[in-house]
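model_2.cif follows (mmCIF, C-alpha atoms and all ligand atoms):
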```cif
data_work
loop_
_atom_site.label_atom_id
_atom_site.label_comp_id
_atom_site.auth_asym_id
_atom_site.auth_seq_id
_atom_site.Cartn_x
_atom_site.Cartn_y
_atom_site.Cartn_z
CA MET B 1395 12.87 -20.36 5.26
CA ASN B 1396 10.30 -23.10 5.64
CA LEU B 1397 7.94 -22.80 2.68
CA GLU B 1398 5.25 -24.96 4.30
CA LEU B 1399 2.39 -22.86 5.65
CA SER B 1400 1.16 -23.63 9.16
CA GLU B 1401 -2.46 -24.69 9.72
CA GLU B 1402 -3.29 -21.19 10.99
CA GLN B 1403 -1.72 -19.56 7.91
CA GLU B 1404 -3.59 -21.95 5.58
CA ALA B 1405 -6.83 -21.16 7.42
CA VAL B 1406 -6.44 -17.39 7.20
CA ARG B 1407 -5.52 -17.65 3.51
CA ARG B 1408 -8.63 -19.77 2.85
CA LEU B 1409 -10.78 -17.25 4.72
CA ALA B 1410 -9.31 -14.35 2.71
CA ARG B 1411 -9.67 -16.25 -0.56
CA GLU B 1412 -13.35 -17.08 0.04
CA PHE B 1413 -14.09 -13.54 1.22
CA THR B 1414 -12.38 -12.06 -1.86
CA ASP B 1415 -14.25 -14.36 -4.25
CA ARG B 1416 -17.59 -13.59 -2.58
CA GLU B 1417 -17.39 -9.96 -1.42
CA ILE B 1418 -14.76 -8.23 -3.58
CA ALA B 1419 -13.98 -9.74 -7.00
CA PRO B 1420 -17.57 -9.69 -8.34
CA TYR B 1421 -17.88 -5.96 -7.58
CA ALA B 1422 -14.37 -4.71 -8.49
CA ALA B 1423 -15.17 -3.62 -12.06
CA GLY B 1424 -18.30 -1.75 -10.91
CA TRP B 1425 -16.43 0.02 -8.11
CA ASP B 1426 -13.74 0.98 -10.62
CA ARG B 1427 -16.34 2.54 -12.92
CA ALA B 1428 -18.12 4.28 -10.04
CA GLU B 1429 -14.77 5.60 -8.69
CA SER B 1430 -15.61 4.26 -5.23
CA VAL B 1431 -15.73 0.90 -3.51
CA ASP B 1432 -18.83 0.25 -1.40
CA ARG B 1433 -17.58 1.54 1.93
CA ALA B 1434 -19.48 -1.21 3.75
CA ILE B 1435 -16.49 -3.36 2.75
CA VAL B 1436 -14.40 -1.66 5.46
CA LYS B 1437 -16.62 -2.93 8.30
CA LYS B 1438 -16.63 -6.43 6.77
CA LEU B 1439 -12.82 -6.41 6.60
CA GLY B 1440 -12.74 -5.32 10.23
CA ASP B 1441 -15.19 -8.02 11.33
CA LEU B 1442 -12.89 -10.70 9.88
CA GLY B 1443 -9.85 -9.23 11.63
CA PHE B 1444 -8.16 -8.26 8.36
CA LEU B 1445 -7.66 -4.66 9.56
CA GLY B 1446 -5.87 -5.81 12.72
CA LEU B 1447 -3.47 -8.50 11.53
CA THR B 1448 -0.16 -8.54 13.49
CA VAL B 1449 -1.52 -5.91 15.94
CA PRO B 1450 -1.59 -7.35 19.50
CA GLU B 1451 -5.00 -8.60 20.63
CA GLU B 1452 -4.88 -6.45 23.80
CA TYR B 1453 -5.29 -3.40 21.51
CA GLY B 1454 -8.13 -4.88 19.47
CA GLY B 1455 -5.90 -6.46 16.84
CA SER B 1456 -6.15 -10.01 15.57
CA GLY B 1457 -2.49 -10.93 16.20
CA GLY B 1458 -0.97 -13.36 13.74
CA ASP B 1459 2.36 -13.20 11.96
CA HIS B 1460 3.54 -11.28 8.91
CA LEU B 1461 3.34 -14.28 6.62
CA ALA B 1462 -0.40 -14.48 7.38
CA TYR B 1463 -0.57 -10.74 6.73
CA VAL B 1464 1.00 -11.02 3.27
CA LEU B 1465 -1.21 -14.02 2.42
CA VAL B 1466 -4.32 -11.96 3.18
CA THR B 1467 -2.92 -8.92 1.38
CA GLU B 1468 -2.22 -11.01 -1.72
CA GLU B 1469 -5.79 -12.34 -1.77
CA LEU B 1470 -7.29 -8.87 -1.39
CA GLY B 1471 -5.00 -7.61 -4.17
CA ARG B 1472 -6.15 -10.45 -6.40
CA GLY B 1473 -9.74 -9.26 -5.95
CA ASP B 1474 -9.30 -5.49 -6.11
CA SER B 1475 -6.17 -3.39 -5.58
CA ALA B 1476 -8.35 -0.50 -4.39
CA VAL B 1477 -9.54 -2.57 -1.41
CA ARG B 1478 -6.05 -3.93 -0.82
CA GLY B 1479 -4.69 -0.38 -0.72
CA ILE B 1480 -7.27 0.75 1.84
CA VAL B 1481 -6.04 -2.04 4.15
CA SER B 1482 -2.34 -1.59 3.37
CA VAL B 1483 -2.55 2.06 4.39
CA SER B 1484 -4.93 1.94 7.36
CA LEU B 1485 -3.39 -1.19 8.89
CA GLY B 1486 0.05 -1.40 7.28
CA LEU B 1487 1.17 2.22 7.41
CA VAL B 1488 -0.94 3.63 10.25
CA ALA B 1489 -2.10 1.02 12.82
CA LYS B 1490 1.13 -0.97 12.73
CA THR B 1491 3.14 2.23 13.12
CA ILE B 1492 1.04 3.29 16.12
CA ALA B 1493 1.56 -0.21 17.58
CA ALA B 1494 5.33 0.14 17.08
CA TRP B 1495 5.87 3.77 18.15
CA GLY B 1496 2.77 4.84 20.10
CA THR B 1497 2.36 5.64 23.78
CA GLU B 1498 -0.06 3.49 25.77
CA GLU B 1499 -2.63 6.30 25.50
CA GLN B 1500 -2.23 6.59 21.70
CA LYS B 1501 -2.55 2.82 21.25
CA ARG B 1502 -5.71 2.69 23.40
CA ALA B 1503 -7.20 5.71 21.60
CA TRP B 1504 -6.73 4.54 18.01
CA LEU B 1505 -5.92 0.84 17.61
CA PRO B 1506 -9.27 -0.73 18.64
CA ARG B 1507 -11.11 1.57 16.22
CA LEU B 1508 -8.67 1.09 13.33
CA CYS B 1509 -8.51 -2.68 13.76
CA SER B 1510 -12.30 -3.07 13.84
CA GLY B 1511 -12.88 -0.85 10.80
CA ARG B 1512 -14.81 1.71 12.86
CA ALA B 1513 -12.09 4.16 11.82
CA LEU B 1514 -9.69 4.44 8.90
CA GLY B 1515 -6.21 5.89 8.88
CA CYS B 1516 -4.21 7.72 6.22
CA PHE B 1517 -0.50 8.42 5.89
CA GLY B 1518 0.40 12.03 5.15
CA LEU B 1519 3.99 12.25 3.97
CA THR B 1520 4.02 13.39 0.31
CA GLU B 1521 3.52 17.08 -0.51
CA PRO B 1522 2.90 18.89 -3.80
CA GLY B 1523 6.62 19.78 -4.03
CA THR B 1524 8.23 16.81 -2.23
CA GLY B 1525 7.71 13.20 -3.31
CA SER B 1526 10.82 11.04 -3.62
CA ASP B 1527 12.81 13.54 -1.53
CA ALA B 1528 10.32 13.21 1.32
CA GLY B 1529 12.85 14.37 3.94
CA SER B 1530 12.67 17.92 2.58
CA LEU B 1531 8.96 18.29 3.33
CA THR B 1532 7.81 21.80 4.22
CA THR B 1533 4.67 21.34 6.36
CA ARG B 1534 5.44 23.08 9.65
CA ALA B 1535 4.42 22.37 13.23
CA VAL B 1536 5.17 25.28 15.58
CA ARG B 1537 5.03 24.76 19.35
CA GLU B 1538 2.54 26.99 21.20
CA GLY B 1539 2.19 26.05 24.88
CA ASP B 1540 1.03 22.46 25.17
CA ALA B 1541 0.09 22.23 21.49
CA TYR B 1542 1.58 22.44 18.00
CA VAL B 1543 0.06 24.58 15.25
CA VAL B 1544 0.42 22.83 11.90
CA SER B 1545 0.23 24.38 8.42
CA GLY B 1546 1.02 22.92 5.00
CA ASN B 1547 -0.28 20.78 2.13
CA LYS B 1548 -0.22 17.01 1.63
CA MET B 1549 -0.68 15.41 -1.79
CA PHE B 1550 -1.87 12.02 -3.12
CA ILE B 1551 -3.01 10.76 0.29
CA THR B 1552 -4.70 7.35 0.04
CA ASN B 1553 -7.89 7.12 2.16
CA GLY B 1554 -7.50 10.91 2.50
CA THR B 1555 -11.17 11.94 2.44
CA TRP B 1556 -12.38 8.80 4.25
CA ALA B 1557 -9.85 8.69 7.09
CA ASP B 1558 -10.58 9.49 10.72
CA VAL B 1559 -6.94 9.98 11.64
CA VAL B 1560 -3.98 11.32 9.67
CA LEU B 1561 -0.50 10.08 10.50
CA LEU B 1562 1.05 13.39 9.57
CA PHE B 1563 4.69 14.34 9.09
CA ALA B 1564 5.69 17.94 9.74
CA ARG B 1565 8.87 19.92 10.33
CA THR B 1566 9.39 20.91 13.96
CA ASN B 1567 12.97 22.18 13.58
CA ASP B 1568 14.21 24.52 10.86
CA GLU B 1569 17.92 24.61 11.67
CA PRO B 1570 19.97 24.14 8.47
CA GLY B 1571 20.93 20.53 7.87
CA HIS B 1572 18.64 19.33 10.68
CA ARG B 1573 16.19 16.61 9.70
CA GLY B 1574 13.75 18.01 12.21
CA VAL B 1575 10.65 16.12 11.11
CA SER B 1576 8.16 14.83 13.68
CA ALA B 1577 5.12 12.56 13.33
CA PHE B 1578 1.65 13.43 14.67
CA LEU B 1579 -1.70 11.66 14.97
CA VAL B 1580 -4.14 14.31 13.76
CA PRO B 1581 -7.91 13.67 13.99
CA ALA B 1582 -9.29 14.27 10.49
CA ASP B 1583 -12.10 16.49 11.82
CA SER B 1584 -9.64 18.96 13.38
CA PRO B 1585 -10.58 22.60 12.65
CA GLY B 1586 -8.38 24.02 9.88
CA LEU B 1587 -7.94 20.67 8.09
CA THR B 1588 -9.67 20.48 4.70
CA ARG B 1589 -9.60 17.63 2.20
CA ARG B 1590 -10.18 17.47 -1.53
CA GLU B 1591 -10.53 14.22 -3.44
CA ILE B 1592 -8.33 13.84 -6.54
CA HIS B 1593 -10.34 12.46 -9.46
CA GLY B 1594 -9.27 11.10 -12.84
CA LYS B 1595 -6.70 8.56 -11.62
CA LEU B 1596 -5.45 5.98 -14.15
CA GLY B 1597 -6.03 3.15 -11.68
CA LEU B 1598 -7.03 2.43 -8.06
CA ARG B 1599 -10.15 4.33 -8.96
CA GLY B 1600 -12.21 2.70 -6.22
CA GLN B 1601 -10.21 4.29 -3.43
CA ALA B 1602 -10.17 7.90 -2.30
CA THR B 1603 -6.91 9.74 -2.95
CA ALA B 1604 -6.86 13.27 -1.60
CA GLU B 1605 -5.04 16.53 -1.15
CA LEU B 1606 -5.01 17.73 2.48
CA VAL B 1607 -4.69 21.38 3.39
CA LEU B 1608 -3.71 22.26 6.97
CA ASP B 1609 -4.20 25.86 7.94
CA GLY B 1610 -3.28 26.52 11.57
CA VAL B 1611 -4.44 23.09 12.82
CA ARG B 1612 -3.94 22.83 16.62
CA VAL B 1613 -2.64 19.44 17.67
CA PRO B 1614 -1.96 18.64 21.34
CA ALA B 1615 1.69 17.84 22.09
CA SER B 1616 0.48 14.43 23.34
CA ALA B 1617 -0.45 13.58 19.71
CA MET B 1618 3.20 13.40 18.66
CA LEU B 1619 4.04 9.84 17.58
CA GLY B 1620 7.56 8.87 18.57
CA PRO B 1621 10.18 11.34 19.82
CA GLU B 1622 10.42 14.89 18.50
CA GLY B 1623 12.72 15.03 15.46
CA LYS B 1624 12.39 11.28 14.84
CA GLY B 1625 9.48 11.57 12.43
CA PHE B 1626 11.57 10.64 9.42
CA SER B 1627 12.61 7.40 11.15
CA VAL B 1628 8.92 6.75 11.94
CA ALA B 1629 8.05 7.26 8.26
CA MET B 1630 10.90 5.12 6.94
CA SER B 1631 10.15 2.26 9.35
CA ALA B 1632 6.50 2.35 8.25
CA LEU B 1633 7.48 2.33 4.57
CA ALA B 1634 9.97 -0.54 4.98
CA LYS B 1635 7.09 -2.75 6.11
CA GLY B 1636 4.65 -1.01 3.77
CA ARG B 1637 6.72 -2.08 0.75
CA MET B 1638 6.19 -5.71 1.76
CA SER B 1639 2.47 -5.04 1.69
CA VAL B 1640 2.63 -3.39 -1.75
CA ALA B 1641 4.68 -6.34 -3.01
CA ALA B 1642 2.02 -8.76 -1.69
CA GLY B 1643 -0.68 -6.75 -3.45
CA CYS B 1644 1.34 -7.00 -6.68
CA VAL B 1645 1.55 -10.78 -6.30
CA GLY B 1646 -2.25 -10.71 -6.12
CA ILE B 1647 -2.46 -8.67 -9.34
CA ALA B 1648 -0.07 -11.03 -11.13
CA GLN B 1649 -2.03 -14.07 -9.91
CA ALA B 1650 -5.28 -12.50 -11.13
CA ALA B 1651 -3.59 -11.86 -14.49
CA LEU B 1652 -2.51 -15.50 -14.68
CA ASP B 1653 -6.00 -16.78 -13.77
CA ALA B 1654 -7.63 -14.50 -16.37
CA ALA B 1655 -5.13 -15.39 -19.13
CA VAL B 1656 -5.42 -19.15 -18.57
CA SER B 1657 -9.19 -19.07 -18.47
CA TYR B 1658 -9.49 -16.94 -21.63
CA ALA B 1659 -6.88 -18.95 -23.56
CA ALA B 1660 -8.81 -22.15 -22.86
CA GLN B 1661 -12.09 -20.87 -24.32
CA ARG B 1662 -11.07 -18.47 -27.12
CA GLU B 1663 -10.58 -20.27 -30.45
CA GLN B 1664 -8.51 -19.05 -33.41
CA PHE B 1665 -7.11 -21.06 -36.34
CA GLY B 1666 -9.44 -23.90 -35.41
CA LYS B 1667 -8.30 -24.51 -31.85
CA PRO B 1668 -8.25 -22.84 -28.43
CA ILE B 1669 -5.50 -20.20 -28.38
CA ALA B 1670 -3.93 -22.04 -25.39
CA HIS B 1671 -2.71 -24.54 -28.02
CA HIS B 1672 -0.53 -21.93 -29.74
CA GLN B 1673 3.05 -21.88 -28.50
CA LEU B 1674 3.41 -18.09 -28.44
CA VAL B 1675 0.29 -17.79 -26.28
CA GLN B 1676 1.80 -20.35 -23.92
CA GLU B 1677 4.94 -18.21 -23.82
CA LEU B 1678 2.88 -15.23 -22.58
CA ILE B 1679 1.28 -17.44 -19.93
CA ALA B 1680 4.60 -18.98 -18.88
CA ASP B 1681 6.12 -15.50 -18.47
CA ILE B 1682 3.22 -14.47 -16.22
CA SER B 1683 3.57 -17.68 -14.21
CA VAL B 1684 7.31 -17.13 -13.60
CA ASP B 1685 6.62 -13.55 -12.49
CA VAL B 1686 3.95 -14.75 -10.03
CA ASP B 1687 6.25 -17.32 -8.45
CA ALA B 1688 9.32 -15.09 -8.22
CA ALA B 1689 7.35 -12.14 -6.80
CA ARG B 1690 5.61 -14.38 -4.26
CA LEU B 1691 8.82 -15.98 -3.01
CA LEU B 1692 10.56 -12.60 -2.62
CA THR B 1693 7.54 -11.32 -0.68
CA TRP B 1694 7.32 -14.34 1.60
CA ARG B 1695 11.04 -13.95 2.36
CA VAL B 1696 10.45 -10.44 3.70
CA ALA B 1697 7.59 -11.62 5.91
CA ASP B 1698 9.73 -14.46 7.22
CA LEU B 1699 12.61 -12.08 8.06
CA VAL B 1700 10.22 -9.71 9.87
CA ASP B 1701 8.72 -12.60 11.85
CA ARG B 1702 12.21 -13.80 12.85
CA GLY B 1703 13.27 -10.30 13.93
CA GLN B 1704 15.97 -10.08 11.21
CA PRO B 1705 16.87 -6.97 9.15
CA PHE B 1706 14.51 -6.78 6.19
CA ALA B 1707 14.52 -3.27 4.66
CA THR B 1708 16.66 -4.07 1.58
CA GLU B 1709 14.78 -7.31 0.98
CA SER B 1710 11.53 -5.34 1.23
CA SER B 1711 12.76 -2.86 -1.41
CA THR B 1712 13.85 -5.81 -3.57
CA ALA B 1713 10.44 -7.49 -3.30
CA LYS B 1714 8.57 -4.24 -3.95
CA LEU B 1715 10.74 -3.35 -6.95
CA PHE B 1716 10.48 -6.78 -8.55
CA ALA B 1717 6.83 -7.46 -7.72
CA SER B 1718 5.59 -4.08 -8.94
CA GLU B 1719 7.42 -4.37 -12.26
CA ALA B 1720 6.28 -8.01 -12.50
CA ALA B 1721 2.65 -7.04 -11.90
CA VAL B 1722 2.80 -4.51 -14.75
CA ARG B 1723 4.38 -7.11 -17.06
CA ALA B 1724 1.92 -9.82 -16.01
CA ALA B 1725 -1.13 -7.61 -16.51
CA SER B 1726 0.17 -6.45 -19.90
CA ASN B 1727 0.82 -10.06 -20.97
CA ALA B 1728 -2.68 -11.05 -19.81
CA LEU B 1729 -4.12 -8.19 -21.87
CA GLN B 1730 -2.17 -9.48 -24.89
CA VAL B 1731 -3.67 -12.95 -24.42
CA HIS B 1732 -7.14 -11.35 -24.56
CA GLY B 1733 -6.43 -9.55 -27.83
CA GLY B 1734 -8.90 -6.73 -28.49
CA TYR B 1735 -11.18 -7.96 -25.71
CA GLY B 1736 -8.41 -7.15 -23.24
CA TYR B 1737 -8.81 -3.50 -24.14
CA VAL B 1738 -12.38 -3.19 -22.86
CA ASP B 1739 -13.43 -3.38 -19.24
CA GLU B 1740 -15.75 -6.33 -19.69
CA TYR B 1741 -12.57 -8.36 -19.05
CA PRO B 1742 -10.28 -7.73 -16.07
CA ALA B 1743 -6.86 -7.38 -17.77
CA GLY B 1744 -7.13 -3.65 -18.48
CA LYS B 1745 -8.00 -2.79 -14.89
CA LEU B 1746 -5.19 -5.01 -13.61
CA LEU B 1747 -2.73 -3.09 -15.80
CA ARG B 1748 -4.05 0.32 -14.72
CA ASP B 1749 -3.98 -0.69 -11.04
CA ALA B 1750 -0.52 -2.24 -11.33
CA ARG B 1751 1.05 0.84 -12.86
CA VAL B 1752 1.01 2.95 -9.70
CA MET B 1753 2.80 0.24 -7.71
CA THR B 1754 6.05 1.26 -9.43
CA LEU B 1755 5.46 4.83 -8.26
CA TYR B 1756 4.25 4.96 -4.67
CA GLU B 1757 6.02 4.06 -1.44
CA GLY B 1758 9.19 4.89 -3.38
CA THR B 1759 9.42 4.73 -7.18
CA SER B 1760 11.36 1.91 -8.87
CA GLN B 1761 14.30 4.32 -9.21
CA ILE B 1762 14.23 5.04 -5.47
CA GLN B 1763 14.14 1.28 -4.65
CA LYS B 1764 17.20 0.81 -6.88
CA LEU B 1765 19.02 3.61 -5.04
CA LEU B 1766 18.15 1.98 -1.68
CA ILE B 1767 19.36 -1.43 -2.86
CA GLY B 1768 22.43 0.13 -4.49
CA ARG B 1769 23.30 1.97 -1.26
CA ALA B 1770 22.95 -1.23 0.75
CA ARG B 1771 25.22 -3.15 -1.63
CA THR B 1772 27.91 -0.49 -2.21
CA GLY B 1773 27.79 1.53 0.99
CA VAL B 1774 27.51 4.67 -1.17
CA SER B 1775 24.43 6.91 -1.14
CA ALA B 1776 23.65 8.01 -4.71
CA PHE B 1777 20.46 9.98 -3.92
P1 LIG W 1 9.02 12.68 -8.01
O1 LIG W 1 9.71 12.44 -6.71
O2 LIG W 1 8.93 14.07 -8.50
O3 LIG W 1 9.72 11.78 -9.12
C1 LIG W 1 9.57 12.01 -10.52
C2 LIG W 1 10.53 11.06 -11.25
O4 LIG W 1 11.88 11.35 -10.89
C3 LIG W 1 10.30 9.59 -10.89
O5 LIG W 1 10.51 8.78 -12.01
C4 LIG W 1 11.40 9.32 -9.86
O6 LIG W 1 11.76 7.95 -9.80
C5 LIG W 1 12.51 10.18 -10.41
N1 LIG W 1 13.49 10.56 -9.38
C6 LIG W 1 13.32 11.38 -8.30
N2 LIG W 1 14.45 11.46 -7.58
C7 LIG W 1 15.36 10.67 -8.21
C8 LIG W 1 16.72 10.32 -7.95
N3 LIG W 1 17.38 10.79 -6.87
N4 LIG W 1 17.34 9.48 -8.81
C9 LIG W 1 16.68 8.98 -9.88
N5 LIG W 1 15.39 9.25 -10.17
C10 LIG W 1 14.76 10.09 -9.35
N6 LIG W 1 2.03 9.54 -0.50
C11 LIG W 1 1.75 9.54 0.83
O7 LIG W 1 2.45 10.19 1.62
N7 LIG W 1 0.70 8.84 1.33
C12 LIG W 1 -0.13 8.10 0.52
O8 LIG W 1 -1.07 7.48 1.03
C13 LIG W 1 0.13 8.10 -0.88
N8 LIG W 1 -0.72 7.44 -1.73
C14 LIG W 1 -0.56 7.60 -3.08
C15 LIG W 1 -1.53 7.09 -3.95
C16 LIG W 1 -1.41 7.30 -5.32
C17 LIG W 1 -2.48 6.78 -6.24
C18 LIG W 1 -0.29 8.01 -5.85
C19 LIG W 1 -0.13 8.25 -7.33
C20 LIG W 1 0.68 8.48 -5.00
C21 LIG W 1 0.56 8.30 -3.61
N9 LIG W 1 1.48 8.87 -2.73
C22 LIG W 1 1.23 8.85 -1.37
C23 LIG W 1 2.61 9.63 -3.23
C24 LIG W 1 3.74 8.77 -3.79
O9 LIG W 1 4.41 8.11 -2.73
C25 LIG W 1 4.65 9.68 -4.61
O10 LIG W 1 3.93 10.01 -5.79
C26 LIG W 1 5.98 9.04 -4.95
O11 LIG W 1 6.78 8.93 -3.79
C27 LIG W 1 6.76 9.79 -6.03
O12 LIG W 1 6.84 11.15 -5.73
P2 LIG W 1 6.45 12.23 -6.85
O13 LIG W 1 5.15 11.83 -7.42
O14 LIG W 1 6.58 13.58 -6.26
O15 LIG W 1 7.56 12.03 -7.98
#
```
Output the structure of this file as structure tokens.
Ligand code: FAD
Amino acid sequence: MNLELSEEQEAVRRLAREFTDREIAPYAAGWDRAESVDRAIVKKLGDLGFLGLTVPEEYGGSGGDHLAYVLVTEELGRGDSAVRGIVSVSLGLVAKTIAAWGTEEQKRAWLPRLCSGRALGCFGLTEPGTGSDAGSLTTRAVREGDAYVVSGNKMFITNGTWADVVLLFARTNDEPGHRGVSAFLVPADSPGLTRREIHGKLGLRGQATAELVLDGVRVPASAMLGPEGKGFSVAMSALAKGRMSVAAGCVGIAQAALDAAVSYAAQREQFGKPIAHHQLVQELIADISVDVDAARLLTWRVADLVDRGQPFATESSTAKLFASEAAVRAASNALQVHGGYGYVDEYPAGKLLRDARVMTLYEGTSQIQKLLIGRARTGVSAF
């Protein structure tokens, strides 16, 4: 791939960088403590077009390619992973999936609102009893006339209590061995849908993660996204691109770790000189730097493949696996550079580590990414 960014890509990165430095980074620690970002940030993200990247302009999106999308995602992740996650889910998992699979009516109904930040989306796949084995989900949608009646529970849903629309996955066919899962666009204010925020998270404390309970929710048949029984393909196609977005967010965490470690090492003195002069401190910083570069290049490769219409799912798993583990390492190394000060939230390293940790868990754990990569390389499914 050509590693030179175009003028448009440079411009959008600059815009995202300035916005992050002005509107996100200074507030991230406070939002983390308060367990909520200032929700006014959503409208600001929408105004800049960051909630509509890659979505066609005719549906209210801001167009652009996937490399621009990962550049913006990286910058947001550098400022606050909670904000990055809000965008990755509402745009990356929901709006982009509607753009790819939706009917004209569904695109016109939801995309302009999602892309402007007037509405948020959430992605309802995981359930209390089904995480990695998402295909065995038990939420049911039963056909009644021109509607489906949906009942079941969804767990750990990012944006859950803030969202206006749930991209929901439910079983529409119970025949043994049949992967009869379908996708639906369910308005969050539908009668019978209740939401409960999950508190006490280790990281990503600024974003709302929720449990959803659906008790006889009536959804018109026209709200089905994609063909009946193809919901698992809808989910997997969303996650293949979603992993690129998580990887980009991890690059942002690792870059923030590098910036914090370099800055602290230059001003903290021990043994009569700044700690940056000690070789073992430089080793910590060099290790972070290598992780940043490797994670970034793997992530850019995925975006480039997507933009060129090439297969990208295994590369996306590779980038997500490496970048998430790299972000944890980088944040931990940055904390080490800070010594005891890294352990208190006056400095950013602790939050970076807490936020990074979940990246190895969601959108497929590191073990699941390895099984996906292993299957692609050997032709054998070891799930
Ligand atoms: P399990 O699947 O029970 O896994 C437990 C352990 O077993 C893991 O280490 C796993 O790697 C391992 N394991 C499982 N199967 C295998 C196997 N075959 N081989 C080897 N190891 C295996 N979900 C959504 O649908 N939408 C969201 O917006 C969303 N946001 C989230 C936000 C947060 C903060 C969190 C924590 C989770 C979120 N999730 C969301 C859910 C997330 O995707 C799941 O937690 C994840 O897929 C893992 O599922 P699980 O927690 O049930 O773990």
Which residues are close to Leu1531 of chain B, i.e. within 8 Å by all atoms listed in the file, leaving aside same-chain residues fewer than 4 positions away? Reply as a PDB file with C-alpha atoms, in the coordinates of the input.
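Below is the file that was written, selection.pdb:
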```
ATOM      1  CA  LEU B1519       3.990  12.250   3.970  1.00  0.00           C
ATOM      2  CA  THR B1520       4.020  13.390   0.310  1.00  0.00           C
ATOM      3  CA  GLU B1521       3.520  17.080  -0.510  1.00  0.00           C
ATOM      4  CA  GLY B1523       6.620  19.780  -4.030  1.00  0.00           C
ATOM      5  CA  THR B1524       8.230  16.810  -2.230  1.00  0.00           C
ATOM      6  CA  ASP B1527      12.810  13.540  -1.530  1.00  0.00           C
ATOM      7  CA  ALA B1564       5.690  17.940   9.740  1.00  0.00           C
ATOM      8  CA  ARG B1565       8.870  19.920  10.330  1.00  0.00           C
TER       9      ARG B1565
END
```
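Using only C-alpha atoms, the nearest neighbour of Asn1567 of chain B within the list B:Ile1592, B:Ala1602, B:Leu1514, B:Glu1622 is B:Glu1622.
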Coordinates-based distance that separates atom CA of Val1544 of chain B from atom CA of Phe1563 of chain B (Å, one decimal): 9.9 Å
Taking only C-alpha atoms and all ligand atoms into account, report as a PyMOL selection string which residues have an atom no farther than 7 Å from an atom of ligand LIG 1 (chain W). chain B and resi 1483+1516-1520+1522-1527+1549-1553+1598+1603+1752+1755-1762+1777
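Nearest to Gly1486 of chain B of all the residues B:Pro1506, B:Gly1515, B:Gly1733, B:Pro1585 is B:Gly1515, based on only C-alpha atoms.
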Using all atoms listed in the file, which protein or nucleic acid residues come within 12 Å of Asp1749 of chain B? Drop anything in the same chain fewer than 6 positions from it, and give the result as a PyMOL selection string. chain B and resi 1422-1423+1426+1471-1479+1595-1601+1640+1643-1644+1646-1648+1650-1651+1718+1721-1722+1724-1726+1742-1743+1755-1756
Considering all atoms listed in the file, return as a PyMOL selection string whatever protein or nucleic-acid residues lie within 6 Å of Val1645 of chain B, sequence-local ones (same chain, fewer than 4 positions apart) excluded. chain B and resi 1468+1686+1689-1690
Could you list, as a ChimeraX atom specification, every residue within 10 Å of Ser1631 of chain B, counting all atoms listed in the file and ignoring same-chain residues fewer than 5 positions away? /B:1487,1491,1494-1495,1625-1626,1636,1707
Would you save the residues from that selection as a short mmCIF file (atom, residue, chain, number, x, y, z; two decimals), keeping the file's coordinate frame, using C-alpha atoms?
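Heads up, here's the output in out.cif:
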```
data_model
loop_
_atom_site.label_atom_id
_atom_site.label_comp_id
_atom_site.auth_asym_id
_atom_site.auth_seq_id
_atom_site.Cartn_x
_atom_site.Cartn_y
_atom_site.Cartn_z
CA LEU B 1487 1.17 2.22 7.41
CA THR B 1491 3.14 2.23 13.12
CA ALA B 1494 5.33 0.14 17.08
CA TRP B 1495 5.87 3.77 18.15
CA GLY B 1625 9.48 11.57 12.43
CA PHE B 1626 11.57 10.64 9.42
CA GLY B 1636 4.65 -1.01 3.77
CA ALA B 1707 14.52 -3.27 4.66
#
```
